[in-house]
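**Q** The structure's right below; bear with me while I get my questions together.
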Amino acid sequence: MRPRPSAARAPRPMWLGVLLAVCALLLAGAPPAAAADRQTVVAGGDVIYAGGGGTCVVGFNAEKSGSPYGIVPGHCAETGTTWYADSARTISIGRTEGAGFPTSDYGLIRYTNTAVSFPGEIRLGTGKLVDITGAARPIVGHSMCHIGRVTLFGCGIVQSVNVSVNFPEGLVTGLFTSNACSEPGDVGGPAFAGDKALGFIFHSNGSCRTAGRTYYKPIIPVLAEHGLVLR
């Protein structure tokens with residue numbers, strides 16, 4: 001069977017060809033809409049970058065008298081350190097206002113860049129944000145979850161409270177533990193139950209390949225000591 005001849009196509013007007021060419025040039029030089037509208041966001045669970053090298057993980061964002069703060073582990077946040085939202089260290093977000101270890105292993109970063117958003121949500125390993133509406137004390141036997149830089153999202157049961165751990169630098173007290181899997185690189189990741197903040201990962205005893213416990217710094221004493229409220 002011979003193929004049927006296709007219908008003759010009407011010639012395209014010259015003005016339409018010129019218009020399409022101009023549109024192609026404009027689109028080629030324009031940034032994608034998502035990139036043009038994107039705002040830098042630093043949420044709980046995000047990695048931030050020290051000006052002199054090194055990184056920390058933000059546990060939770062809080063505020064005091066309208067000023068935003070980030071809560072991080074004290075042993076990775078030296079006082080006076082300048083912090084950035086990106087690994088290239090081009091987007092400055094603030095400086096460490098205070099940090100301590102081992103007696104109070106947490107640090108406070110005062111955010112100063114008003115062009116960056118510091119929401120109260122925490123970011124799961126999938127990138128999804130979960131809103132945190134308040135803080136709660138850990139209760140033995142209750143379910144909880146945490147987010148780690150290495151192991152991402154994991155859940156377990158609170159096993160103990162008011163636990164002490166002896167480090168070469170000194171004794172750290174007032175911690176709680178769970179059987180949720182974690183690795184050493186997860187330190188600083190937020191721990192929560194539902195929409196309530198419990199604390200942040202302080203230390204991993206063992207790994208996800210062996211039996212072990214995860215230790216956390218409770219968030220309520222940190223908030224109370226500095227008059228902070230979660231965002």
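Each chain of the structure tokens is named A, B, ... in the order shown, its residues numbered from 1; ligands are numbered from 1 in display order.
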Would you please extract all strand (DSSP E or B) residues from range 97-225 of chain A, as assigned by DSSP on the backbone, and give them as a ChimeraX atom specification?
**A** /A:97-100,106-111,117,122-123,129-130,134-135,143-148,152-167,170-178,190-193,196-207,210-218
**Q** Any idea what's packed within 12 Å of Ile91 in chain A, counting only C-alpha atoms, ignoring anything in its chain fewer than 3 positions away? Could you give it as a PyMOL selection string?
**A** chain A and resi 39-42+48-51+82-88+94+111-117
**Q** Any chance you could export the current selection's C-alpha atoms as a tab-separated table (two decimals), in the first residue's frame?
**A**
```tsv
chain	number	residue	atom	x	y	z
A	39	GLN	CA	14.71	32.53	49.53
A	40	THR	CA	17.47	31.14	51.70
A	41	VAL	CA	15.98	29.20	54.63
A	42	VAL	CA	17.83	27.88	57.68
A	48	ILE	CA	25.58	25.68	58.81
A	49	TYR	CA	29.19	26.56	58.04
A	50	ALA	CA	31.76	28.31	60.24
A	51	GLY	CA	33.82	31.11	58.72
A	82	THR	CA	30.72	33.84	62.07
A	83	TRP	CA	28.28	31.42	60.43
A	84	TYR	CA	27.08	30.96	56.86
A	85	ALA	CA	24.11	29.22	55.27
A	86	ASP	CA	26.11	27.80	52.36
A	87	SER	CA	29.29	25.74	52.03
A	88	ALA	CA	30.84	28.44	49.83
A	94	GLY	CA	25.09	35.61	62.19
A	111	TYR	CA	20.93	35.54	63.44
A	112	THR	CA	21.50	38.95	61.86
A	113	ASN	CA	20.76	38.53	58.14
A	114	THR	CA	17.20	39.75	57.59
A	115	ALA	CA	17.25	38.46	54.00
A	116	VAL	CA	17.36	34.87	55.30
A	117	SER	CA	14.35	33.06	56.78
```
**Q** Set out as CSV a contact list for range 186-218 of chain A and range 54-76 of chain A with a cut-off of 12 Å, giving each residue of range 186-218 of chain A that qualifies its closest atom pair and distance in Å to one decimal, counting only C-alpha atoms, ordered by chain and rising residue number.
**A**
```
residue,atom,partner,partner_atom,distance
A:Asp186,CA,A:Val57,CA,8.3
A:Val187,CA,A:Val57,CA,7.3
A:Gly188,CA,A:Val57,CA,5.0
A:Gly189,CA,A:Gly59,CA,5.3
A:Pro190,CA,A:Gly59,CA,4.6
A:Ala191,CA,A:Gly59,CA,8.0
A:Phe192,CA,A:Gly59,CA,10.3
A:Lys196,CA,A:Phe60,CA,11.1
A:Ala197,CA,A:Phe60,CA,8.1
A:Leu198,CA,A:Phe60,CA,10.1
A:Gly199,CA,A:Gly59,CA,7.5
A:Phe200,CA,A:Gly59,CA,5.6
A:Ile201,CA,A:Gly59,CA,8.2
A:Phe202,CA,A:Pro73,CA,7.1
A:His203,CA,A:Pro73,CA,10.2
A:Tyr216,CA,A:Pro73,CA,10.2
A:Lys217,CA,A:Pro73,CA,8.6
A:Pro218,CA,A:Gly59,CA,10.8
```
**Q** Quick one: residues within 9 Å of Ser104 in chain A, only C-alpha atoms counted, chain neighbours fewer than 6 positions away excluded, as a list of chain:residue names?
**A**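 Contacts, with the query itself left out: A:Gly74, A:Val172, A:Thr173, A:Val222.
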**Q** Output the selection as a PDB file, in the first residue's frame - all heavy atoms for each residue.
**A**
```pdb
ATOM      1  N   GLY A  74      27.255  22.994  71.949  1.00  0.00           N
ATOM      2  CA  GLY A  74      28.280  23.934  72.383  1.00  0.00           C
ATOM      3  C   GLY A  74      29.674  23.564  71.935  1.00  0.00           C
ATOM      4  O   GLY A  74      30.507  24.445  71.692  1.00  0.00           O
ATOM      5  N   VAL A 172      29.061  15.663  81.907  1.00  0.00           N
ATOM      6  CA  VAL A 172      27.873  16.303  81.340  1.00  0.00           C
ATOM      7  C   VAL A 172      26.654  15.646  81.976  1.00  0.00           C
ATOM      8  O   VAL A 172      26.517  14.413  81.947  1.00  0.00           O
ATOM      9  CB  VAL A 172      27.820  16.156  79.813  1.00  0.00           C
ATOM     10  CG1 VAL A 172      26.570  16.835  79.255  1.00  0.00           C
ATOM     11  CG2 VAL A 172      29.073  16.749  79.180  1.00  0.00           C
ATOM     12  N   THR A 173      25.764  16.442  82.547  1.00  0.00           N
ATOM     13  CA  THR A 173      24.614  15.913  83.270  1.00  0.00           C
ATOM     14  C   THR A 173      23.299  16.326  82.600  1.00  0.00           C
ATOM     15  O   THR A 173      23.277  17.180  81.708  1.00  0.00           O
ATOM     16  CB  THR A 173      24.619  16.417  84.720  1.00  0.00           C
ATOM     17  OG1 THR A 173      24.502  17.855  84.711  1.00  0.00           O
ATOM     18  CG2 THR A 173      25.908  16.024  85.436  1.00  0.00           C
ATOM     19  N   VAL A 222      17.550  24.863  78.182  1.00  0.00           N
ATOM     20  CA  VAL A 222      18.236  25.861  77.357  1.00  0.00           C
ATOM     21  C   VAL A 222      17.345  27.082  77.167  1.00  0.00           C
ATOM     22  O   VAL A 222      17.777  28.232  77.315  1.00  0.00           O
ATOM     23  CB  VAL A 222      18.628  25.263  75.997  1.00  0.00           C
ATOM     24  CG1 VAL A 222      19.281  26.313  75.111  1.00  0.00           C
ATOM     25  CG2 VAL A 222      19.546  24.066  76.179  1.00  0.00           C
TER      26      VAL A 222
END
```
**Q** Write out as a list of chain:residue names the residues lying within 9 Å of Gly98 in chain A, counting only C-alpha atoms and excluding same-chain residues fewer than 6 positions away.
**A**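 Selected residues are A:Gly74, A:Ala77, A:Glu78, A:Thr79, A:Gly80, A:Tyr106, A:Gly107, A:Leu108, A:Ile109.
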